Structures are given as C-alpha cells and as structure tokens.
Amino acid sequence: MIAVTGASGQLGRLVMEGLLARVPAENLVAAVRNPARVADLAARGVTVRAADYGKPDTLDAALAGVDRLLLISSSEVGGRVPQHRNVIEAAKRAGVGLVAYTSILHADTTPLGLGAEHRETEALLRASGLPHVILRNGWYTENYLASLPGALQHGAFVGCAGDGRIASAARADYAAAAVAVLTGEGHAGKVYELAGDTAYTLAELAAEVSRRTGRQIGYTDLPQAEFRAVLAGAGLPGPVADLLADSDAGASRGGLFDEGHQLSALIGRPTTPLSALVEAALKKA
C-alpha cells in the first residue's frame with residue numbers, strides 16, 4: 001500500500017489525484033489529522049486513517065501495512081523536526097519499504113532559514129536505516145502568484161529578492177514527481193533537486209503580468225527589513241513575515257535557482273511555464 005501524509009493539504013490532494021490515476025484506490029492510504037476533510041477520497045475507495053505528526057500514538061495504526069510512504073513536510077515551521085521524527089520512527093516500526101520526503105531545494109547549502117529543519121530531517125532519515133528518497137522541492141510558483149491581487153491593486157510586486165533568479169514550478173509539477181517516485185522503481189537512495197525548467201527574476205514576473213494585462217506592473221525591491229515590515233503591515237503574523245522576507249533574501253543569493261532539469265526528467269515532460277500559470281492566476285484574480 002502507498003500512504004500519503006498530509007493528504008488533505010494542497011500538495012497532498014494533488015498527489016492523491018495523481019496516484020488515483022495510476023493505482024487502484026484500495027491500495028492507497030490518505031493519512032490526515034482530520035479524516036472528515038477527505039471524505040470524498042474515502043467515497044472513492046481510498047483508505048482514510050487519522051494521523052497527527054504531533055501525536056505518535058496515531059501513527060502506528062496509520063502506517064500499518066504500508067509499503068511506500070510520502071512524508072509531506074509539516075506546515076508547522078519551527079516544530080517540524082520532532083514531528084517528522086515521530087513519523088520516521090513509526091515508519092521504521094511498520095517496516096515501510098520506502099519513505100519519500102519533501103525537502104527544500106539544495107537543503108545542504110541553501111541560504112534560506114527554512115533549510116535547517118529539512119537538513120535535520122534528512123539526517124534523521126539517513127540515521128533510521130529506512131530506504132528513502134529525498135525530493136528537494138524548489139519554490140512553488142503559486143507562492144509568488146498569491147500576491148498577484150495586491151500587485152494589480154498597487155501596480156507593483158514588492159520583495160527583497162533583487163536580481164535573484166527563481167526556478168520555481170507549479171505545485172502540480174512537484175506532485176507529479178512524488179507520484180513518479182511512489183509508483184516507480186530504483187529511487188531509493190536518490191536525492192532529487194527539483195525546480196522549474198526556466199528561471200525568472202521578480203522584475204521579469206512583473207513584466208509577464210504587464211504583458212498579460214496591458215497594464216504597467218513593476219517590481220519594487222526593498223531591503224529585507226523593510227519588506228518584512230510591509231508584510232507585517234499587511235496583517236501577516238510576525239513569524240510568517242520573517243519567513244517570507246528571509247526566503248526572498250535567500251533568493252537574492254541564489255537560493256531558489258537550479259538548472260539541472262531533474263524535475264522535468266522525473267515527470268517526463270517540461271515543467272509548467274510561468275506564462276501559463278500567470279494566465280491562470282489572472283483569471284482568478
């Protein structure tokens with residue numbers, strides 16, 4: 001059986017849909033904190049099990065009989081390592097044959113503060129002795145397009161990424177990579193650096209939006225502290241503002257760039273172009 005933790009989240013949902021296109025529903029497990037959120041998957045024949053990263057007593061039952069597991073990293077930044085440790089230890093007790101983990105691009109060298117917890121989790125997997133594969137996901141293009149309504153309202157994107165090139169990809173592209181690994185062979189022991197085929201700066205993102213809308217949308221680059229203040233002023237909680245500002249600053253130092261094309265090689269097609277994602281986002285804005 002193949003299990004996906006966090007199956008009710010944005011990435012997890014896409015992975016489950018990809019798996020359902022390849023694997024009989026009765027061979028799939030959606031492991032989630034709130035089973036009610038995936039009642040639709042249960043109705044399609046998927047086994048739904050309660051699994052809370054922070055409650056180890058839920059994990060043994062959730063992983064019983066599981067051969068392959070996708071451990072989607074916890075959303076609780078700052079508390080991820082003990083949560084991931086709980087899942088890894090339960091996977092070892094369950095005798096899981098392969099654990100795939102969603103890490104961060106170039107986790108070993110990234111300038112992004114987010115990298116620390118991913119490095120620790122990768123170390124836990126190595127120490128566990130479990131067969132595993134590391135999916136070092138780059139940035140989701142959707143992370144930047146989430147600010148599109150504000151950019152349209154104010155006439156500019158704001159950030160502190162400078163001229164850093166961002167090789168992001170669609171969330172669906174990363175989901176397809178996870179599906180390929182979970183349903184394929186020969187991935188144990190591999191570390192995949194996953195990123196979009198084409199990189200862009202935030203000024204180039206703004207130019208693409210300008211082309212699509214016929215409006216002049218610019219990019220305003222700020223010092224990291226000022227960008228953090230803008231985010232906080234827009235109502236984001238302090239830790240979230242810190243994270244986003246740090247990530248943009250990391251992008252300015254190459255932290256979101258990669259040109260190895262491992263993602264498109266793994267999924268067997270080009271990654272989704274920025275232009276297509278901008279067009280789709282504008283229809284929703």
# chains A, B, ... in the order shown; residues from 1 in each chain; ligands from 1

call {"tool": "closest_atom_pairs", "arguments": {"of": "region 239-259 of chain A", "to": "region 117-141 of chain A", "cutoff": "12 Å", "atoms": "only C-alpha atoms", "output": "tab-separated table"}}
result
residue	atom	partner	partner_atom	distance
A:Leu244	CA	A:Trp139	CA	11.6
A:Ser247	CA	A:Trp139	CA	9.6
A:Asp248	CA	A:Trp139	CA	10.7
A:Gly250	CA	A:Trp139	CA	11.6
A:Ala251	CA	A:Trp139	CA	9.8
A:Gly254	CA	A:Gly138	CA	11.7
A:Gly255	CA	A:Gly138	CA	9.1
A:Leu256	CA	A:Gly138	CA	6.4
A:Phe257	CA	A:Gly138	CA	8.1
A:Asp258	CA	A:Gly138	CA	8.4
A:Glu259	CA	A:Gly138	CA	11.3

call {"tool": "residues_around", "arguments": {"residues": "Glu142 (chain A)", "least_positions_apart": "6", "cutoff": "9 Å", "atoms": "only C-alpha atoms", "output": "PyMOL selection string"}}
result
chain A and resi 168-171+277+281

call {"tool": "select_by_dssp", "arguments": {"residues": "region 126-171 of chain A", "states": "alpha helix (DSSP H)", "output": "PyMOL selection string"}}
result
chain A and resi 126-128+141-145+148-154+171

call {"tool": "write_last_selection", "arguments": {"atoms": "N, CA and C atoms", "output": "PDB file, in the first residue's frame"}}
result
ATOM      1  N   ARG A 126      18.535   9.371   7.159  1.00  0.00           N
ATOM      2  CA  ARG A 126      19.780   8.612   6.947  1.00  0.00           C
ATOM      3  C   ARG A 126      20.087   7.725   8.149  1.00  0.00           C
ATOM      4  N   ALA A 127      19.893   8.258   9.344  1.00  0.00           N
ATOM      5  CA  ALA A 127      20.199   7.504  10.560  1.00  0.00           C
ATOM      6  C   ALA A 127      19.215   6.373  10.802  1.00  0.00           C
ATOM      7  N   SER A 128      18.005   6.484  10.248  1.00  0.00           N
ATOM      8  CA  SER A 128      16.958   5.492  10.507  1.00  0.00           C
ATOM      9  C   SER A 128      17.245   4.147   9.873  1.00  0.00           C
ATOM     10  N   THR A 141       5.574  28.239  -7.766  1.00  0.00           N
ATOM     11  CA  THR A 141       5.245  29.496  -8.434  1.00  0.00           C
ATOM     12  C   THR A 141       4.030  30.143  -7.778  1.00  0.00           C
ATOM     13  N   GLU A 142       3.126  29.324  -7.275  1.00  0.00           N
ATOM     14  CA  GLU A 142       1.930  29.842  -6.606  1.00  0.00           C
ATOM     15  C   GLU A 142       2.268  30.713  -5.395  1.00  0.00           C
ATOM     16  N   ASN A 143       3.455  30.504  -4.798  1.00  0.00           N
ATOM     17  CA  ASN A 143       3.840  31.333  -3.658  1.00  0.00           C
ATOM     18  C   ASN A 143       3.915  32.803  -4.051  1.00  0.00           C
ATOM     19  N   TYR A 144       4.421  33.080  -5.239  1.00  0.00           N
ATOM     20  CA  TYR A 144       4.511  34.461  -5.702  1.00  0.00           C
ATOM     21  C   TYR A 144       3.199  34.944  -6.307  1.00  0.00           C
ATOM     22  N   LEU A 145       2.497  34.060  -6.984  1.00  0.00           N
ATOM     23  CA  LEU A 145       1.244  34.481  -7.610  1.00  0.00           C
ATOM     24  C   LEU A 145       0.158  34.765  -6.576  1.00  0.00           C
ATOM     25  N   LEU A 148      -0.507  38.339  -6.412  1.00  0.00           N
ATOM     26  CA  LEU A 148      -0.954  38.982  -7.645  1.00  0.00           C
ATOM     27  C   LEU A 148      -2.083  39.990  -7.419  1.00  0.00           C
ATOM     28  N   PRO A 149      -3.115  39.679  -6.630  1.00  0.00           N
ATOM     29  CA  PRO A 149      -4.174  40.686  -6.422  1.00  0.00           C
ATOM     30  C   PRO A 149      -3.635  41.993  -5.853  1.00  0.00           C
ATOM     31  N   GLY A 150      -2.716  41.905  -4.897  1.00  0.00           N
ATOM     32  CA  GLY A 150      -2.130  43.110  -4.335  1.00  0.00           C
ATOM     33  C   GLY A 150      -1.296  43.874  -5.355  1.00  0.00           C
ATOM     34  N   ALA A 151      -0.563  43.122  -6.188  1.00  0.00           N
ATOM     35  CA  ALA A 151       0.251  43.767  -7.220  1.00  0.00           C
ATOM     36  C   ALA A 151      -0.627  44.497  -8.228  1.00  0.00           C
ATOM     37  N   LEU A 152      -1.766  43.903  -8.580  1.00  0.00           N
ATOM     38  CA  LEU A 152      -2.684  44.555  -9.507  1.00  0.00           C
ATOM     39  C   LEU A 152      -3.309  45.798  -8.873  1.00  0.00           C
ATOM     40  N   GLN A 153      -3.576  45.706  -7.588  1.00  0.00           N
ATOM     41  CA  GLN A 153      -4.184  46.843  -6.897  1.00  0.00           C
ATOM     42  C   GLN A 153      -3.217  48.018  -6.777  1.00  0.00           C
ATOM     43  N   HIS A 154      -1.956  47.707  -6.464  1.00  0.00           N
ATOM     44  CA  HIS A 154      -0.982  48.768  -6.198  1.00  0.00           C
ATOM     45  C   HIS A 154      -0.050  49.060  -7.368  1.00  0.00           C
ATOM     46  N   ARG A 171       2.867  23.721  -8.268  1.00  0.00           N
ATOM     47  CA  ARG A 171       2.667  22.698  -7.230  1.00  0.00           C
ATOM     48  C   ARG A 171       2.328  21.349  -7.871  1.00  0.00           C
TER      49      ARG A 171
END

call {"tool": "residues_around", "arguments": {"residues": "Ala43 (chain A)", "least_positions_apart": "5", "cutoff": "10 Å", "atoms": "only C-alpha atoms", "output": "ChimeraX atom specification"}}
result
/A:25,38,48

call {"tool": "write_last_selection", "arguments": {"atoms": "N, CA and C atoms", "output": "PDB file, in the first residue's frame"}}
result
ATOM      1  N   ALA A  25      -7.674   2.415  -5.957  1.00  0.00           N
ATOM      2  CA  ALA A  25      -7.952   3.171  -4.739  1.00  0.00           C
ATOM      3  C   ALA A  25      -7.748   2.336  -3.483  1.00  0.00           C
ATOM      4  N   VAL A  38     -11.260  14.550   4.029  1.00  0.00           N
ATOM      5  CA  VAL A  38     -11.037  13.747   2.821  1.00  0.00           C
ATOM      6  C   VAL A  38     -12.126  12.691   2.671  1.00  0.00           C
ATOM      7  N   VAL A  48      -8.829   5.871   4.529  1.00  0.00           N
ATOM      8  CA  VAL A  48      -8.517   7.114   5.245  1.00  0.00           C
ATOM      9  C   VAL A  48      -8.196   6.768   6.697  1.00  0.00           C
TER      10      VAL A  48
END

call {"tool": "closest_residue", "arguments": {"among": "A:Leu14, A:Ala94, A:Ile166, A:Leu112", "to": "Asp242 (chain A)", "atoms": "only C-alpha atoms"}}
result
A:Leu112

call {"tool": "closest_atom_pairs", "arguments": {"of": "region 7-111 of chain A", "to": "region 188-193 of chain A", "cutoff": "7 Å", "atoms": "only C-alpha atoms", "output": "tab-separated table"}}
result
residue	atom	partner	partner_atom	distance
A:Leu98	CA	A:Ala188	CA	6.9
A:Leu105	CA	A:Glu193	CA	5.7
A:His106	CA	A:Glu193	CA	6.5

call {"tool": "write_last_selection", "arguments": {"atoms": "N, CA, C and O atoms", "output": "PDB file, in the first residue's frame"}}
result
ATOM      1  N   LEU A  98       9.839   2.103   1.625  1.00  0.00           N
ATOM      2  CA  LEU A  98      10.417   3.304   1.012  1.00  0.00           C
ATOM      3  C   LEU A  98       9.713   4.531   1.573  1.00  0.00           C
ATOM      4  O   LEU A  98       8.481   4.592   1.565  1.00  0.00           O
ATOM      5  N   LEU A 105      14.915  22.733  -1.905  1.00  0.00           N
ATOM      6  CA  LEU A 105      15.959  22.769  -2.927  1.00  0.00           C
ATOM      7  C   LEU A 105      17.326  23.042  -2.307  1.00  0.00           C
ATOM      8  O   LEU A 105      17.494  23.989  -1.529  1.00  0.00           O
ATOM      9  N   HIS A 106      18.289  22.195  -2.644  1.00  0.00           N
ATOM     10  CA  HIS A 106      19.669  22.327  -2.159  1.00  0.00           C
ATOM     11  C   HIS A 106      19.700  22.515  -0.631  1.00  0.00           C
ATOM     12  O   HIS A 106      20.354  23.425  -0.110  1.00  0.00           O
TER      13      HIS A 106
END

call {"tool": "closest_atom_pairs", "arguments": {"of": "region 80-196 of chain A", "to": "region 264-276 of chain A", "cutoff": "9 Å", "atoms": "only C-alpha atoms", "output": "tab-separated table"}}
result
residue	atom	partner	partner_atom	distance
A:Thr141	CA	A:Leu274	CA	7.6
A:Ser168	CA	A:Leu274	CA	8.5
A:Ala169	CA	A:Thr271	CA	6.4
A:Ala170	CA	A:Thr272	CA	6.2
A:Ala172	CA	A:Thr272	CA	8.6
A:Asp173	CA	A:Thr271	CA	6.3
A:Tyr174	CA	A:Ile267	CA	8.7
A:Ala176	CA	A:Ile267	CA	6.1
A:Ala177	CA	A:Ile267	CA	5.4
A:Ala178	CA	A:Ile267	CA	8.9
A:Val179	CA	A:Ile267	CA	8.7
A:Ala180	CA	A:Ile267	CA	6.5
A:Val181	CA	A:Leu266	CA	8.2
A:Tyr192	CA	A:Leu266	CA	8.8
A:Leu194	CA	A:Ser264	CA	8.3
A:Ala195	CA	A:Ser264	CA	8.3
A:Gly196	CA	A:Thr271	CA	5.7

call {"tool": "write_last_selection", "arguments": {"atoms": "N, CA and C atoms", "output": "PDB file, in the first residue's frame"}}
result
ATOM      1  N   THR A 141       5.574  28.239  -7.766  1.00  0.00           N
ATOM      2  CA  THR A 141       5.245  29.496  -8.434  1.00  0.00           C
ATOM      3  C   THR A 141       4.030  30.143  -7.778  1.00  0.00           C
ATOM      4  N   SER A 168      11.193  28.378 -10.086  1.00  0.00           N
ATOM      5  CA  SER A 168      10.035  27.767  -9.434  1.00  0.00           C
ATOM      6  C   SER A 168       9.270  26.888 -10.417  1.00  0.00           C
ATOM      7  N   ALA A 169       8.343  26.122  -9.877  1.00  0.00           N
ATOM      8  CA  ALA A 169       7.491  25.270 -10.702  1.00  0.00           C
ATOM      9  C   ALA A 169       6.114  25.210 -10.060  1.00  0.00           C
ATOM     10  N   ALA A 170       5.166  24.718 -10.803  1.00  0.00           N
ATOM     11  CA  ALA A 170       3.804  24.596 -10.291  1.00  0.00           C
ATOM     12  C   ALA A 170       3.735  23.516  -9.220  1.00  0.00           C
ATOM     13  N   ALA A 172       1.567  21.401  -8.973  1.00  0.00           N
ATOM     14  CA  ALA A 172       1.196  20.158  -9.663  1.00  0.00           C
ATOM     15  C   ALA A 172       2.409  19.438 -10.238  1.00  0.00           C
ATOM     16  N   ASP A 173       3.438  20.186 -10.616  1.00  0.00           N
ATOM     17  CA  ASP A 173       4.652  19.557 -11.129  1.00  0.00           C
ATOM     18  C   ASP A 173       5.354  18.763 -10.021  1.00  0.00           C
ATOM     19  N   TYR A 174       5.450  19.368  -8.831  1.00  0.00           N
ATOM     20  CA  TYR A 174       6.081  18.660  -7.712  1.00  0.00           C
ATOM     21  C   TYR A 174       5.249  17.448  -7.297  1.00  0.00           C
ATOM     22  N   ALA A 176       3.468  15.634  -9.309  1.00  0.00           N
ATOM     23  CA  ALA A 176       3.726  14.608 -10.320  1.00  0.00           C
ATOM     24  C   ALA A 176       5.043  13.893 -10.057  1.00  0.00           C
ATOM     25  N   ALA A 177       6.031  14.628  -9.547  1.00  0.00           N
ATOM     26  CA  ALA A 177       7.313  13.997  -9.217  1.00  0.00           C
ATOM     27  C   ALA A 177       7.143  12.997  -8.085  1.00  0.00           C
ATOM     28  N   ALA A 178       6.372  13.367  -7.080  1.00  0.00           N
ATOM     29  CA  ALA A 178       6.133  12.451  -5.962  1.00  0.00           C
ATOM     30  C   ALA A 178       5.418  11.198  -6.445  1.00  0.00           C
ATOM     31  N   VAL A 179       4.446  11.364  -7.325  1.00  0.00           N
ATOM     32  CA  VAL A 179       3.721  10.208  -7.870  1.00  0.00           C
ATOM     33  C   VAL A 179       4.671   9.308  -8.647  1.00  0.00           C
ATOM     34  N   ALA A 180       5.553   9.902  -9.433  1.00  0.00           N
ATOM     35  CA  ALA A 180       6.510   9.108 -10.220  1.00  0.00           C
ATOM     36  C   ALA A 180       7.400   8.265  -9.317  1.00  0.00           C
ATOM     37  N   VAL A 181       7.824   8.844  -8.206  1.00  0.00           N
ATOM     38  CA  VAL A 181       8.699   8.123  -7.276  1.00  0.00           C
ATOM     39  C   VAL A 181       7.925   7.022  -6.551  1.00  0.00           C
ATOM     40  N   TYR A 192      16.816  14.165  -5.226  1.00  0.00           N
ATOM     41  CA  TYR A 192      16.421  14.898  -6.418  1.00  0.00           C
ATOM     42  C   TYR A 192      16.309  16.385  -6.118  1.00  0.00           C
ATOM     43  N   LEU A 194      14.716  19.450  -7.315  1.00  0.00           N
ATOM     44  CA  LEU A 194      13.568  19.663  -8.196  1.00  0.00           C
ATOM     45  C   LEU A 194      13.260  21.147  -8.352  1.00  0.00           C
ATOM     46  N   ALA A 195      13.246  21.603  -9.593  1.00  0.00           N
ATOM     47  CA  ALA A 195      12.999  23.018  -9.882  1.00  0.00           C
ATOM     48  C   ALA A 195      12.450  23.147 -11.294  1.00  0.00           C
ATOM     49  N   GLY A 196      11.920  24.328 -11.584  1.00  0.00           N
ATOM     50  CA  GLY A 196      11.360  24.579 -12.899  1.00  0.00           C
ATOM     51  C   GLY A 196      12.428  24.640 -13.976  1.00  0.00           C
TER      52      GLY A 196
END

call {"tool": "closest_residue", "arguments": {"among": "A:Val158, A:Ala7, A:Ile72, A:Glu226", "to": "Leu19 (chain A)", "atoms": "only C-alpha atoms"}}
result
A:Ala7

call {"tool": "atom_distance", "arguments": {"atom1": "CA of Arg22 (chain A)", "atom2": "CA of Gly6 (chain A)"}}
result
19.6 Å

call {"tool": "select_by_dssp", "arguments": {"residues": "region 24-88 of chain A", "states": "strand (DSSP E)", "output": "ChimeraX atom specification"}}
result
/A:28-32,47-50,68-71

call {"tool": "write_last_selection", "arguments": {"atoms": "all heavy atoms", "output": "compact mmCIF listing (two decimals), in the first residue's frame"}}
result
# COMPACT_ATOMS: atom_id res chain seq x y z
N LEU A 28 -4.39 2.59 -1.65
CA LEU A 28 -3.94 3.91 -1.23
C LEU A 28 -4.46 4.25 0.17
O LEU A 28 -5.59 3.89 0.53
CB LEU A 28 -4.42 4.98 -2.21
CG LEU A 28 -3.94 4.84 -3.66
CD1 LEU A 28 -4.58 5.91 -4.53
CD2 LEU A 28 -2.41 4.94 -3.73
N VAL A 29 -3.61 4.94 0.92
CA VAL A 29 -3.96 5.41 2.26
C VAL A 29 -3.77 6.91 2.32
O VAL A 29 -2.68 7.42 2.01
CB VAL A 29 -3.09 4.74 3.35
CG1 VAL A 29 -3.39 5.35 4.73
CG2 VAL A 29 -3.31 3.23 3.37
N ALA A 30 -4.81 7.62 2.71
CA ALA A 30 -4.72 9.06 2.96
C ALA A 30 -4.61 9.24 4.47
O ALA A 30 -5.56 8.95 5.21
CB ALA A 30 -5.95 9.78 2.42
N ALA A 31 -3.45 9.68 4.94
CA ALA A 31 -3.20 9.84 6.37
C ALA A 31 -3.33 11.33 6.70
O ALA A 31 -2.53 12.15 6.24
CB ALA A 31 -1.81 9.33 6.72
N VAL A 32 -4.33 11.66 7.49
CA VAL A 32 -4.67 13.07 7.74
C VAL A 32 -5.05 13.28 9.20
O VAL A 32 -5.49 12.36 9.89
CB VAL A 32 -5.83 13.53 6.85
CG1 VAL A 32 -5.44 13.51 5.38
CG2 VAL A 32 -7.06 12.65 7.06
N THR A 47 -8.44 4.28 1.51
CA THR A 47 -8.44 4.08 2.96
C THR A 47 -8.01 5.36 3.64
O THR A 47 -6.94 5.90 3.32
CB THR A 47 -7.49 2.94 3.35
OG1 THR A 47 -7.94 1.73 2.74
CG2 THR A 47 -7.46 2.75 4.86
N VAL A 48 -8.83 5.87 4.53
CA VAL A 48 -8.52 7.11 5.24
C VAL A 48 -8.20 6.77 6.70
O VAL A 48 -8.96 6.07 7.36
CB VAL A 48 -9.70 8.10 5.18
CG1 VAL A 48 -9.41 9.33 6.04
CG2 VAL A 48 -9.96 8.51 3.73
N ARG A 49 -7.04 7.26 7.17
CA ARG A 49 -6.62 6.98 8.54
C ARG A 49 -6.21 8.28 9.24
O ARG A 49 -5.57 9.14 8.62
CB ARG A 49 -5.43 6.00 8.56
CG ARG A 49 -5.78 4.62 8.02
CD ARG A 49 -4.54 3.73 7.94
NE ARG A 49 -4.85 2.39 7.45
CZ ARG A 49 -3.93 1.48 7.17
NH1 ARG A 49 -2.64 1.76 7.33
NH2 ARG A 49 -4.28 0.28 6.72
N ALA A 50 -6.58 8.39 10.49
CA ALA A 50 -6.18 9.54 11.28
C ALA A 50 -4.69 9.45 11.58
O ALA A 50 -4.19 8.41 12.01
CB ALA A 50 -6.97 9.58 12.58
N ARG A 68 5.01 1.92 0.89
CA ARG A 68 5.63 3.15 0.42
C ARG A 68 4.92 4.34 1.05
O ARG A 68 3.68 4.38 1.09
CB ARG A 68 5.60 3.25 -1.11
CG ARG A 68 6.38 2.13 -1.77
CD ARG A 68 6.50 2.31 -3.27
NE ARG A 68 7.34 1.25 -3.85
CZ ARG A 68 7.84 1.27 -5.06
NH1 ARG A 68 7.62 2.33 -5.85
NH2 ARG A 68 8.59 0.29 -5.49
N LEU A 69 5.72 5.30 1.49
CA LEU A 69 5.16 6.43 2.23
C LEU A 69 5.71 7.74 1.69
O LEU A 69 6.92 7.89 1.50
CB LEU A 69 5.55 6.32 3.71
CG LEU A 69 5.27 7.54 4.60
CD1 LEU A 69 3.78 7.79 4.74
CD2 LEU A 69 5.93 7.35 5.97
N LEU A 70 4.81 8.69 1.43
CA LEU A 70 5.22 10.05 1.14
C LEU A 70 5.03 10.87 2.42
O LEU A 70 3.90 11.07 2.87
CB LEU A 70 4.40 10.67 0.02
CG LEU A 70 4.71 12.15 -0.27
CD1 LEU A 70 6.15 12.32 -0.75
CD2 LEU A 70 3.73 12.73 -1.29
N LEU A 71 6.13 11.32 2.99
CA LEU A 71 6.10 12.19 4.15
C LEU A 71 6.17 13.63 3.65
O LEU A 71 7.23 14.12 3.28
CB LEU A 71 7.27 11.87 5.09
CG LEU A 71 7.54 12.85 6.24
CD1 LEU A 71 6.29 13.09 7.09
CD2 LEU A 71 8.69 12.35 7.11

call {"tool": "closest_residue", "arguments": {"among": "A:Ser252, A:Thr110, A:Ser147, A:Ser210", "to": "Leu222 (chain A)", "atoms": "only C-alpha atoms"}}
result
A:Ser252
